[in-house]
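Student: mmCIF, C-alpha atoms and all ligand atoms, file structure-v3.cif:
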```
data_my_file
#
loop_
_atom_site.label_atom_id
_atom_site.label_comp_id
_atom_site.auth_asym_id
_atom_site.auth_seq_id
_atom_site.Cartn_x
_atom_site.Cartn_y
_atom_site.Cartn_z
CA MET A 19 107.50 113.18 90.84
CA ASN A 20 108.61 115.28 87.99
CA GLN A 21 106.14 116.92 85.72
CA SER A 22 108.28 117.01 82.63
CA ARG A 23 108.26 113.33 81.71
CA PRO A 24 105.26 111.57 80.13
CA ASP A 25 102.65 110.58 82.68
CA PRO A 26 102.57 106.78 82.93
CA LYS A 27 99.67 106.84 85.34
CA PRO A 28 96.25 105.53 84.50
CA ALA A 29 93.46 108.00 84.16
CA HIS A 30 91.23 109.02 86.94
CA LEU A 31 87.58 108.34 86.31
CA GLU A 32 84.18 109.39 87.38
CA ILE A 33 81.52 107.90 85.24
CA ASP A 34 78.50 105.73 84.91
CA PRO A 35 80.23 102.72 83.32
CA GLU A 36 77.06 101.68 81.56
CA GLY A 37 76.11 105.13 80.43
CA PRO A 38 75.88 105.78 76.70
CA THR A 39 78.90 108.08 76.71
CA ALA A 40 81.30 105.76 78.53
CA PRO A 41 84.57 107.08 77.15
CA GLU A 42 87.98 105.52 76.78
CA VAL A 43 90.44 105.70 79.60
CA ASP A 44 93.41 107.36 78.05
CA GLY A 45 96.13 109.78 79.10
CA ASP A 46 95.62 111.97 82.11
CA GLN A 47 92.12 113.18 81.38
CA LEU A 48 89.35 113.03 83.87
CA PHE A 49 86.42 111.35 82.28
CA GLY A 50 82.71 111.45 82.34
CA ALA A 51 82.14 115.17 82.20
CA GLY A 52 78.55 114.44 81.26
CA ALA A 53 78.21 112.16 84.24
CA ARG A 54 79.84 114.49 86.75
CA THR A 55 77.95 115.39 89.86
CA PRO A 56 76.52 118.88 89.53
CA SER A 57 77.88 121.02 92.32
CA GLU A 58 74.36 121.93 93.48
CA GLU A 59 74.01 118.36 94.67
CA GLY A 60 76.48 118.89 97.49
CA PRO A 61 74.37 119.75 100.54
CA THR A 62 76.49 122.57 101.81
CA GLY A 63 79.34 122.44 99.31
CA PRO A 64 81.53 125.50 98.90
CA ALA A 65 79.49 126.90 96.03
CA GLU A 66 80.66 130.35 97.17
CA LEU A 67 84.16 129.54 95.91
CA PRO A 68 84.12 131.35 92.60
CA THR A 69 85.71 130.24 89.39
CA ALA A 70 89.42 130.88 89.45
CA VAL A 71 91.40 132.55 86.73
CA LYS A 72 94.77 131.48 85.43
CA ARG A 73 97.49 133.30 87.34
CA PRO A 74 101.10 132.69 88.27
CA LEU A 75 101.39 130.69 91.43
CA GLU A 76 101.91 133.00 94.37
CA ILE A 77 100.70 132.17 97.83
CA PRO A 78 101.41 134.59 100.67
CA GLY A 79 103.55 132.87 103.27
CA TYR A 80 104.91 130.33 100.78
CA ARG A 81 107.69 130.22 98.25
CA ILE A 82 106.56 127.92 95.46
CA LEU A 83 109.38 125.83 94.02
CA GLU A 84 109.35 123.23 91.26
CA PRO A 85 106.43 120.97 90.32
CA VAL A 86 106.77 117.49 91.81
CA GLY A 87 103.67 115.81 90.48
CA ARG A 88 100.51 116.00 88.51
CA GLY A 89 97.38 113.89 88.63
CA GLY A 90 93.97 113.87 86.99
CA MET A 91 92.82 116.69 89.22
CA ALA A 92 95.76 118.50 90.67
CA LEU A 93 99.20 119.94 90.25
CA VAL A 94 101.59 119.45 93.15
CA HIS A 95 104.52 121.80 93.80
CA LEU A 96 107.35 121.62 96.25
CA ALA A 97 107.17 124.75 98.42
CA GLU A 98 108.68 126.48 101.41
CA ARG A 99 106.37 127.64 104.13
CA LEU A 100 107.68 130.88 105.58
CA GLY A 101 106.64 131.21 109.20
CA SER A 102 106.98 134.41 111.24
CA ALA A 103 110.36 133.29 112.57
CA GLY A 104 111.63 133.19 109.00
CA VAL A 105 112.61 129.52 109.01
CA PRO A 106 111.53 127.94 105.70
CA VAL A 107 109.75 124.60 106.15
CA ARG A 108 109.46 122.40 103.11
CA CYS A 109 106.07 121.06 102.13
CA VAL A 110 104.04 120.53 98.97
CA VAL A 111 101.16 122.65 97.72
CA LYS A 112 98.36 120.88 95.87
CA MET A 113 96.12 122.98 93.61
CA ILE A 114 93.57 122.20 90.95
CA ARG A 115 95.12 122.10 87.49
CA ASP A 116 94.49 125.21 85.41
CA ASP A 117 92.53 123.24 82.85
CA ARG A 118 90.18 121.98 85.60
CA GLN A 119 89.70 125.26 87.43
CA ASP A 120 86.34 126.03 85.89
CA ASP A 121 84.71 122.96 87.37
CA VAL A 122 83.51 123.51 90.92
CA THR A 123 83.44 119.74 91.46
CA TYR A 124 87.22 119.69 91.74
CA ARG A 125 87.32 122.44 94.32
CA GLU A 126 84.71 120.63 96.35
CA ARG A 127 86.76 117.47 96.11
CA LEU A 128 89.94 119.19 97.20
CA LEU A 129 88.10 120.67 100.18
CA ASP A 130 86.68 117.29 101.08
CA GLU A 131 90.15 115.79 100.78
CA ALA A 132 91.31 118.38 103.32
CA ARG A 133 88.34 117.70 105.62
CA ILE A 134 88.99 113.96 105.61
CA VAL A 135 92.79 114.02 105.86
CA ALA A 136 92.63 116.65 108.63
CA GLU A 137 90.96 113.95 110.76
CA LEU A 138 93.64 111.34 110.03
CA ARG A 139 96.89 111.21 111.95
CA HIS A 140 99.13 108.36 110.96
CA PRO A 141 102.76 107.95 109.88
CA ASN A 142 101.59 106.18 106.71
CA ILE A 143 99.27 108.97 105.57
CA VAL A 144 100.48 112.29 104.14
CA PRO A 145 99.22 115.01 106.51
CA VAL A 146 97.44 118.23 105.56
CA LEU A 147 99.19 121.26 107.05
CA ASP A 148 97.10 124.13 105.77
CA VAL A 149 94.12 124.83 103.54
CA GLY A 150 93.64 128.22 101.97
CA VAL A 151 92.29 130.24 99.09
CA VAL A 152 94.43 132.71 97.21
CA ASP A 153 93.35 134.61 94.12
CA ARG A 154 90.18 132.57 94.30
CA ARG A 155 92.25 129.38 94.02
CA LEU A 156 92.00 126.73 96.65
CA TYR A 157 95.25 125.13 97.84
CA LEU A 158 96.26 122.41 100.26
CA ALA A 159 99.68 122.46 101.90
CA MET A 160 100.73 118.91 102.74
CA GLY A 161 103.75 117.09 104.08
CA TRP A 162 106.45 116.62 101.46
CA VAL A 163 107.60 113.08 100.66
CA ASP A 164 111.06 113.41 99.19
CA GLY A 165 111.16 110.41 96.90
CA LEU A 166 108.82 109.02 94.30
CA ASP A 167 105.40 107.44 93.93
CA VAL A 168 105.05 103.70 93.30
CA SER A 169 103.99 104.16 89.66
CA GLU A 170 107.23 106.05 89.12
CA LEU A 171 109.12 103.38 91.03
CA LEU A 172 107.66 100.68 88.75
CA GLU A 173 108.43 102.77 85.67
CA LEU A 174 112.07 103.10 86.77
CA LEU A 175 112.30 99.36 87.41
CA ARG A 176 110.82 98.63 83.99
CA LYS A 177 113.34 100.93 82.34
CA GLN A 178 116.22 99.35 84.21
CA ARG A 179 114.76 95.85 83.58
CA ARG A 180 114.79 95.09 87.26
CA GLU A 181 112.38 93.48 89.68
CA LEU A 182 111.10 94.84 92.94
CA PRO A 183 112.72 92.57 95.56
CA LEU A 184 110.05 90.79 97.58
CA ARG A 185 111.22 92.10 100.94
CA HIS A 186 110.91 95.71 99.77
CA LEU A 187 107.62 95.04 98.03
CA LEU A 188 106.14 93.56 101.20
CA HIS A 189 107.49 96.47 103.25
CA VAL A 190 105.56 98.88 101.03
CA ILE A 191 102.37 96.80 101.16
CA LYS A 192 102.57 96.49 104.95
CA GLU A 193 102.99 100.23 105.42
CA VAL A 194 100.10 101.02 103.06
CA LEU A 195 97.90 98.53 104.92
CA GLN A 196 98.68 100.28 108.21
CA GLY A 197 97.71 103.64 106.70
CA LEU A 198 94.58 102.16 105.16
CA HIS A 199 93.60 100.50 108.42
CA HIS A 200 93.85 103.84 110.16
CA ALA A 201 91.77 105.54 107.47
CA HIS A 202 89.11 102.82 107.50
CA THR A 203 88.72 102.83 111.27
CA ALA A 204 89.47 106.42 112.29
CA GLU A 205 87.01 108.36 114.38
CA GLY A 206 86.42 112.09 114.46
CA PRO A 207 84.83 114.23 117.16
CA ALA A 208 81.38 113.09 116.02
CA GLY A 209 82.16 109.37 115.78
CA PRO A 210 83.36 106.98 113.06
CA LEU A 211 84.55 108.69 109.88
CA ASN A 212 83.74 105.67 107.66
CA VAL A 213 86.51 106.58 105.25
CA VAL A 214 86.91 104.66 102.01
CA HIS A 215 89.85 105.89 99.91
CA ARG A 216 88.41 104.83 96.51
CA ASP A 217 91.62 105.59 94.63
CA VAL A 218 94.19 103.15 96.00
CA SER A 219 96.70 102.81 93.16
CA PRO A 220 100.47 103.02 92.64
CA GLY A 221 100.40 106.77 91.88
CA ASN A 222 98.85 107.48 95.26
CA ILE A 223 101.46 105.59 97.29
CA LEU A 224 104.57 107.66 98.00
CA VAL A 225 107.95 106.28 99.01
CA SER A 226 110.59 108.57 100.50
CA LYS A 227 114.30 108.17 99.84
CA GLN A 228 114.62 107.01 103.46
CA GLY A 229 112.08 104.25 102.81
CA ALA A 230 109.02 105.80 104.48
CA VAL A 231 105.76 104.84 102.76
CA LYS A 232 102.71 107.12 102.75
CA LEU A 233 99.27 106.88 101.27
CA THR A 234 97.94 110.10 99.78
CA ASP A 235 95.31 111.57 97.49
CA PHE A 236 92.03 111.30 99.33
CA GLY A 237 90.60 113.43 96.49
CA VAL A 238 87.71 111.06 95.78
CA ALA A 239 87.53 109.47 99.21
CA GLN A 240 84.22 109.13 100.96
CA GLY A 241 83.81 109.78 104.66
CA SER A 242 81.27 111.22 107.03
CA VAL A 243 83.08 114.59 107.22
CA ALA A 244 82.94 115.06 103.44
CA LEU A 245 80.29 117.54 102.35
CA ARG A 246 80.08 116.63 98.73
CA THR A 247 77.73 113.81 97.73
CA GLU A 248 78.32 111.81 94.61
CA ARG A 249 75.37 111.24 92.38
CA LYS A 250 74.16 107.73 93.13
CA GLY A 251 75.58 105.07 90.89
CA LEU A 252 78.66 106.96 89.77
CA LEU A 253 82.06 105.44 90.24
CA SER A 254 85.17 107.44 91.06
CA GLY A 255 88.77 106.37 90.89
CA LYS A 256 90.79 104.52 88.28
CA VAL A 257 88.91 101.85 86.40
CA GLN A 258 91.93 99.48 86.32
CA TYR A 259 91.66 99.15 90.13
CA PHE A 260 87.88 98.70 90.40
CA SER A 261 86.70 95.50 92.06
CA PRO A 262 84.13 93.26 90.33
CA GLU A 263 81.29 94.10 92.73
CA LEU A 264 81.78 97.85 92.25
CA PHE A 265 80.35 97.52 88.75
CA GLU A 266 77.23 95.88 90.18
CA THR A 267 76.61 97.58 93.52
CA ARG A 268 78.27 100.93 92.67
CA ILE A 269 79.10 101.19 96.36
CA ALA A 270 82.75 101.62 97.36
CA THR A 271 83.72 99.74 100.51
CA VAL A 272 86.73 98.76 102.59
CA GLN A 273 86.79 95.62 100.42
CA SER A 274 86.96 97.56 97.17
CA ASP A 275 89.97 99.46 98.58
CA LEU A 276 91.60 96.14 99.45
CA PHE A 277 90.98 94.77 95.96
CA ALA A 278 92.61 97.93 94.54
CA LEU A 279 95.61 97.27 96.77
CA GLY A 280 95.54 93.66 95.51
CA VAL A 281 95.87 94.94 91.92
CA THR A 282 98.67 97.25 93.06
CA PHE A 283 100.34 94.28 94.79
CA TRP A 284 100.15 92.30 91.56
CA GLU A 285 101.62 95.17 89.56
CA MET A 286 104.50 95.39 92.01
CA LEU A 287 105.12 91.64 91.71
CA THR A 288 105.15 91.68 87.92
CA VAL A 289 106.45 95.27 87.42
CA ARG A 290 103.80 95.89 84.82
CA PRO A 291 100.18 97.06 84.69
CA LEU A 292 97.59 94.35 85.22
CA PHE A 293 94.99 95.99 82.97
CA SER A 294 95.60 98.14 79.94
CA ARG A 295 95.70 101.89 80.51
CA ARG A 296 93.32 102.14 77.56
CA ILE A 297 90.65 99.76 78.78
CA THR A 298 87.18 101.31 78.70
CA PRO A 299 84.86 101.11 81.70
CA LEU A 300 82.54 98.78 79.78
CA GLU A 301 85.42 96.49 78.83
CA MET A 302 86.63 96.51 82.41
CA ARG A 303 83.15 95.60 83.65
CA ASP A 304 83.13 92.62 81.28
CA VAL A 305 86.63 91.57 82.33
CA MET A 306 85.56 91.76 85.97
CA ARG A 307 82.45 89.65 85.37
CA ALA A 308 84.70 86.74 84.44
CA PHE A 309 87.63 87.67 86.69
CA ASP A 310 89.39 84.79 88.40
CA PRO A 311 92.73 85.51 90.10
CA ARG A 312 93.65 81.79 89.92
CA GLN A 313 93.73 82.17 86.17
CA LEU A 314 96.21 85.00 86.53
CA LEU A 315 98.48 82.86 88.63
CA GLU A 316 98.30 80.03 86.12
CA ASP A 317 99.04 82.27 83.18
CA ASP A 318 101.43 84.85 84.51
CA LEU A 319 103.35 84.23 87.63
CA THR A 320 104.69 81.57 89.94
CA LEU A 321 104.67 82.55 93.57
CA PRO A 322 105.62 80.73 96.77
CA ASP A 323 102.53 79.06 98.33
CA GLY A 324 101.95 81.44 101.24
CA LEU A 325 102.21 84.45 99.01
CA GLU A 326 99.91 82.94 96.42
CA ASP A 327 97.23 82.57 99.10
CA ILE A 328 97.56 86.24 100.04
CA VAL A 329 97.25 87.41 96.44
CA LEU A 330 94.24 85.15 95.87
CA ARG A 331 92.45 86.53 98.92
CA ALA A 332 93.24 90.15 98.11
CA LEU A 333 92.02 89.70 94.55
CA ALA A 334 89.06 87.40 95.32
CA ALA A 335 86.28 88.30 92.90
CA ASP A 336 83.65 87.62 95.56
CA PRO A 337 84.04 90.23 98.31
CA THR A 338 82.95 87.71 100.95
CA GLU A 339 86.03 85.66 100.07
CA ARG A 340 88.30 88.70 100.12
CA TYR A 341 90.05 90.11 103.18
CA ALA A 342 87.42 91.69 105.41
CA SER A 343 89.77 94.36 106.70
CA ALA A 344 93.20 95.87 106.17
CA VAL A 345 94.29 94.30 109.45
CA GLU A 346 93.38 90.80 108.29
CA PHE A 347 95.43 91.37 105.11
CA LEU A 348 98.29 92.81 107.19
CA GLU A 349 98.32 89.83 109.56
CA ASP A 350 98.72 87.43 106.64
CA VAL A 351 101.57 89.50 105.19
CA ASN A 352 103.25 89.63 108.61
CA ASP A 353 102.91 85.85 109.02
CA TYR A 354 104.34 85.30 105.56
CA VAL A 355 107.31 87.56 106.27
CA TYR A 356 107.95 85.77 109.56
CA GLU A 357 107.61 82.24 108.13
CA SER A 358 109.70 82.92 105.05
CA GLY A 359 112.46 84.51 107.13
CA LEU A 360 112.64 87.61 104.91
CA ARG A 361 114.98 90.24 106.31
CA MET A 362 113.23 93.57 106.16
CA LEU A 363 115.55 96.33 107.30
CA SER A 364 114.68 99.92 106.51
CA THR A 365 118.37 100.71 105.96
CA ASP A 366 118.49 97.96 103.35
CA PHE A 367 115.44 99.45 101.57
CA GLU A 368 116.99 102.90 101.72
CA ARG A 369 120.21 101.63 100.16
CA TRP A 370 118.33 99.76 97.46
CA LEU A 371 116.28 102.86 96.61
CA GLU A 372 119.42 104.95 96.42
CA GLY A 373 120.88 102.45 93.97
CA LEU A 374 117.73 102.63 91.86
CA LEU A 375 117.65 106.41 91.79
CA ASN A 376 121.39 106.70 91.09
CA PRO A 377 122.05 103.56 89.06
CA VAL A 378 125.70 104.43 88.50
CA GLY A 379 126.29 104.84 92.24
CA ARG A 380 129.38 106.29 93.88
CA ASP A 381 131.62 103.32 93.16
CA GLY A 382 130.20 102.93 89.69
CA ARG A 383 130.77 106.61 89.02
CA ARG A 384 134.38 106.28 90.14
CA ARG A 385 134.79 103.26 87.85
CA LEU A 386 133.24 105.18 84.95
CA LEU A 387 135.53 108.14 85.51
CA SER A 388 138.65 105.96 85.75
CA SER A 389 137.72 104.05 82.59
CA ARG A 390 137.61 107.42 80.82
CA GLY A 391 141.04 108.19 82.20
CA ALA A 392 139.70 110.89 84.47
CA GLY A 393 140.51 109.49 87.82
N1 LIG B 1 103.11 115.00 99.52
C1 LIG B 1 103.72 114.77 98.36
N2 LIG B 1 105.06 114.74 98.27
C2 LIG B 1 105.66 114.50 97.09
N3 LIG B 1 105.00 114.27 95.93
C3 LIG B 1 103.66 114.27 95.95
C4 LIG B 1 102.95 114.54 97.16
N4 LIG B 1 101.63 114.47 96.88
C5 LIG B 1 101.51 114.18 95.57
N5 LIG B 1 102.72 114.06 94.98
C6 LIG B 1 102.96 113.73 93.57
O1 LIG B 1 101.98 114.34 92.79
C7 LIG B 1 101.18 113.35 92.09
C8 LIG B 1 99.75 113.84 92.00
O2 LIG B 1 99.24 114.06 93.31
P1 LIG B 1 97.78 113.55 93.71
O3 LIG B 1 97.72 112.08 93.51
O4 LIG B 1 97.48 114.04 95.08
O5 LIG B 1 96.92 114.33 92.60
P2 LIG B 1 95.54 113.96 91.90
O6 LIG B 1 95.34 114.91 90.79
O7 LIG B 1 94.48 113.92 92.95
O8 LIG B 1 95.83 112.50 91.34
P3 LIG B 1 94.83 111.44 90.65
O9 LIG B 1 95.12 111.45 89.19
O10 LIG B 1 95.30 110.15 91.29
O11 LIG B 1 93.48 111.82 91.07
C9 LIG B 1 101.38 112.07 92.89
O12 LIG B 1 101.13 110.92 92.10
C10 LIG B 1 102.82 112.20 93.34
O13 LIG B 1 103.69 111.81 92.27
MG MG B 2 96.75 110.73 92.57
#
```
As C-alpha cells - that is how I would like this structure written.
Ligand SMILES: Nc1ncnc2c1ncn2[C@@H]1O[C@H](COP(=O)(O)OP(=O)(O)OP(=O)(O)O)[C@@H](O)[C@H]1O
Ligand SMILES: [Mg+2]
Tutor:
Amino acid sequence: MNQSRPDPKPAHLEIDPEGPTAPEVDGDQLFGAGARTPSEEGPTGPAELPTAVKRPLEIPGYRILEPVGRGGMALVHLAERLGSAGVPVRCVVKMIRDDRQDDVTYRERLLDEARIVAELRHPNIVPVLDVGVVDRRLYLAMGWVDGLDVSELLELLRKQRRELPLRHLLHVIKEVLQGLHHAHTAEGPAGPLNVVHRDVSPGNILVSKQGAVKLTDFGVAQGSVALRTERKGLLSGKVQYFSPELFETRIATVQSDLFALGVTFWEMLTVRPLFSRRITPLEMRDVMRAFDPRQLLEDDLTLPDGLEDIVLRALAADPTERYASAVEFLEDVNDYVYESGLRMLSTDFERWLEGLLNPVGRDGRRRLLSSRGAG
C-alpha cells in the first residue's frame, strides 16, 4: 500500500456504458465526468460541504504519517490518533484526492461510505472510527490493516513468478465471503440496510501481515442509509468486475457482488487479470454478452472438479444459475476445503506472507551475507 510505485489497479468507473462518450478505462482516472450524478440529485446530500482547497494534511487530534494507498477517489494515509490520555493509536485517514476535491460527488460518496460502514460490525470489514471535516476537507479515520491489498499481493506474486497456494487463496475468499455476507444481510436501527458493495475487486480486499482479511472501500456501495442517489442507469465500480446482467438491468445486486468476487477468485487462481485494464465499457458489455465461464476453463486453467464447480457457479453468466447468497458460496468453499483435506492454518498463512514480503528471509539473508564473506 505504497503510493510511490505505479498503480496496477484497474480504474474506477461511473458511466453510462452505452453513452456516446464512453471513455477508455485506463490508469487511475475516474471516468464518465459527463455522466456523473449532479450533486443536487442527492435528496439531502451534504451540499453544504464547500469546495476544499489544497492544503497540507493536518487534522487536529491526528498525526498524519506516510501514504499507504491511493484509489480512484481517495488518498489513504497511515496516522496516529492522539487521544486525551496521549497514547497514540494507529489508524488510517482516507481523504478525497486533491485532484478530485472540486467535485461534490466524491464528498457525498465518502460520507455515504461512512454512513454505511458505521452500521457494519464484522471482523472481515474495515471499521470506521471517526468522520470529520477539517479545512473544509472531509476525512474518514478507519482501522489500519498492516499488510497489503490483494492487487498488490498478486503483483508481488507475478514479479516473483509465484502462485498463490490454494489453501491461502481459499482462506482469503472465505473471509471475504463472511464480510460480504454480513454487509448483505446487516440491519440498522430502521431495519435491513440492503447493502450492495458494488466494487468488490482485489484492490478493496486487504490482507494483514498476520493473515487477517478485510473488505473495505464502500465508496460506491448502495444501502438504505446512504443519502446520495445515483442517476438511474449509471454503473459504478470497475468495469472488469461487472457481471453480464449489470449491463442490461443496470441494477447492482448481491449477485453482481458475487460475480465480482468470482472474477477476483479467478485472478487469484491465475495470478493475472481476467480482463484487460484498458477494456472500454462498450467492449466489456460485448464480452459479457457472450461470456461463458466454461470456455475460460477450457482455454486457461485446469482445476480439480469440486473447485471447477465453484468457479462456474460464481461466474455463471445467468444470475439465476449463480450463487444466490454469499453464504451459499461460502458453504461450497467450506465443503471443498473439508473434502480436499486442505490444511488451512493462520500461522501457515502468516509465515507464507512473511516469506513473500521478505523474499530473502532471515536464513536467506544469513546465507547471502556469508556468501559475501560477511558472516
Ligand atoms: N484500512 C486500510 N489499511 C491499510 N491500507 C488501506 C486501508 N484502506 C485502504 N488502504 C489502501 O489504500 C487503497 C485505496 O483505498 P480505497 O480503496 O478505500 O480508495 P478508493 O479511492 O475508494 O479506491 P477505488 O479506486 O477502489 O475506488 C487500497 O487499495 C489499499 O491499498
Ligand atoms: Mg478501492
Student: Counting all atoms listed in the file, which residue out of A:His202, A:His189, A:Arg216, A:Arg118 sits closest to ligand MG 2 (chain B)?
Tutor: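 The answer is A:Arg216, which sits nearest to ligand MG 2 (chain B).
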Student: What does the structure give for the distance between CA of Leu321 (chain A) and CA of Glu346 (chain A), in Å to one decimal?
Tutor: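 It comes out at 20.3 Å.
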Student: If you count only C-alpha atoms, which residues fall within 12 Å of Val329 (chain A), apart from same-chain ones fewer than 5 positions away, as a PyMOL selection string?
Tutor: chain A and resi 188+191+276-287+310-312+314-315+319-324+334-335+339-341+347+350-351+354
Student: Residues of chain A that approach ligand MG 2 (chain B) to 9 Å or less, counting only C-alpha atoms and all ligand atoms: could you list each one with the shortest pair of atoms and its distance in Å to one decimal, rows by chain and increasing residue number, as a tab-separated table?
Tutor:
```
residue	atom	partner	partner_atom	distance
A:Lys27	CA	B:MG2	MG	8.7
A:His30	CA	B:MG2	MG	8.1
A:Gly87	CA	B:MG2	MG	8.8
A:Arg88	CA	B:MG2	MG	7.6
A:Gly89	CA	B:MG2	MG	5.1
A:Gly90	CA	B:MG2	MG	7.0
A:Met91	CA	B:MG2	MG	7.9
A:Ala92	CA	B:MG2	MG	8.1
A:Asp217	CA	B:MG2	MG	7.5
A:Val218	CA	B:MG2	MG	8.7
A:Ser219	CA	B:MG2	MG	7.9
A:Pro220	CA	B:MG2	MG	8.6
A:Gly221	CA	B:MG2	MG	5.4
A:Asn222	CA	B:MG2	MG	4.7
A:Ile223	CA	B:MG2	MG	8.4
A:Thr234	CA	B:MG2	MG	7.3
A:Asp235	CA	B:MG2	MG	5.2
A:Phe236	CA	B:MG2	MG	8.3
A:Gly237	CA	B:MG2	MG	7.8
```
Student: For Lys192 (chain A), work out the shell of residues within 12 Å, counting all atoms listed in the file and skipping chain neighbours fewer than 2 positions away, then give it as JSON, numbers by chain.
Tutor: {"A": [142, 184, 185, 186, 187, 188, 189, 190, 194, 195, 196, 197, 198, 199, 223, 230, 231, 232, 233, 279, 283, 344, 345, 346, 347, 348, 349, 350, 351, 352, 353, 354, 355, 362]}
Student: Of the candidates A:Pro291, A:Gly251, A:Gly229, A:Pro207, which one gets nearest to Gly165 (chain A) if we count all atoms listed in the file?
Tutor: A:Gly229
Student: With all atoms listed in the file counted, which protein, DNA or RNA residues have an atom no more than 12 Å from (102.1, 130.5, 91.7) in the file frame? Please answer as a PyMOL selection string.
Tutor: chain A and resi 71-85+93-97+111-116+152-153+155-157
Student: Quick one: distance from CA of Val86 (chain A) to CA of Arg139 (chain A) in Å, one decimal?
Tutor: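 About the pair CA of Val86 (chain A) and CA of Arg139 (chain A): they are 23.3 Å apart.
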Student: Counting all atoms listed in the file, what is within 12 Å of Gly241 (chain A), bar same-chain residues fewer than 3 positions away, as a ChimeraX atom specification?
Tutor: /A:127,130-138,201-206,209-216,236-238,244-248,270-272
Student: Which value, in Å to one decimal, gives the distance between atom O4 of ligand LIG 1 (chain B) and CA of Asp117 (chain A)?
Tutor: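 Computing the Euclidean distance for atom O4 of ligand LIG 1 (chain B) and CA of Asp117 (chain A) yields 16.1 Å.
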Student: Let me know the centre plus edge lengths, in Å and rounded to one decimal, of a box with edges along x, y and z that contains all listed atoms of region 112-115 of chain A and is padded by 6 Å on every side, as JSON.
Tutor:
```
{"center_x": 96.0, "center_y": 121.9, "center_z": 91.7, "size_x": 16.8, "size_y": 14.1, "size_z": 20.4}
```
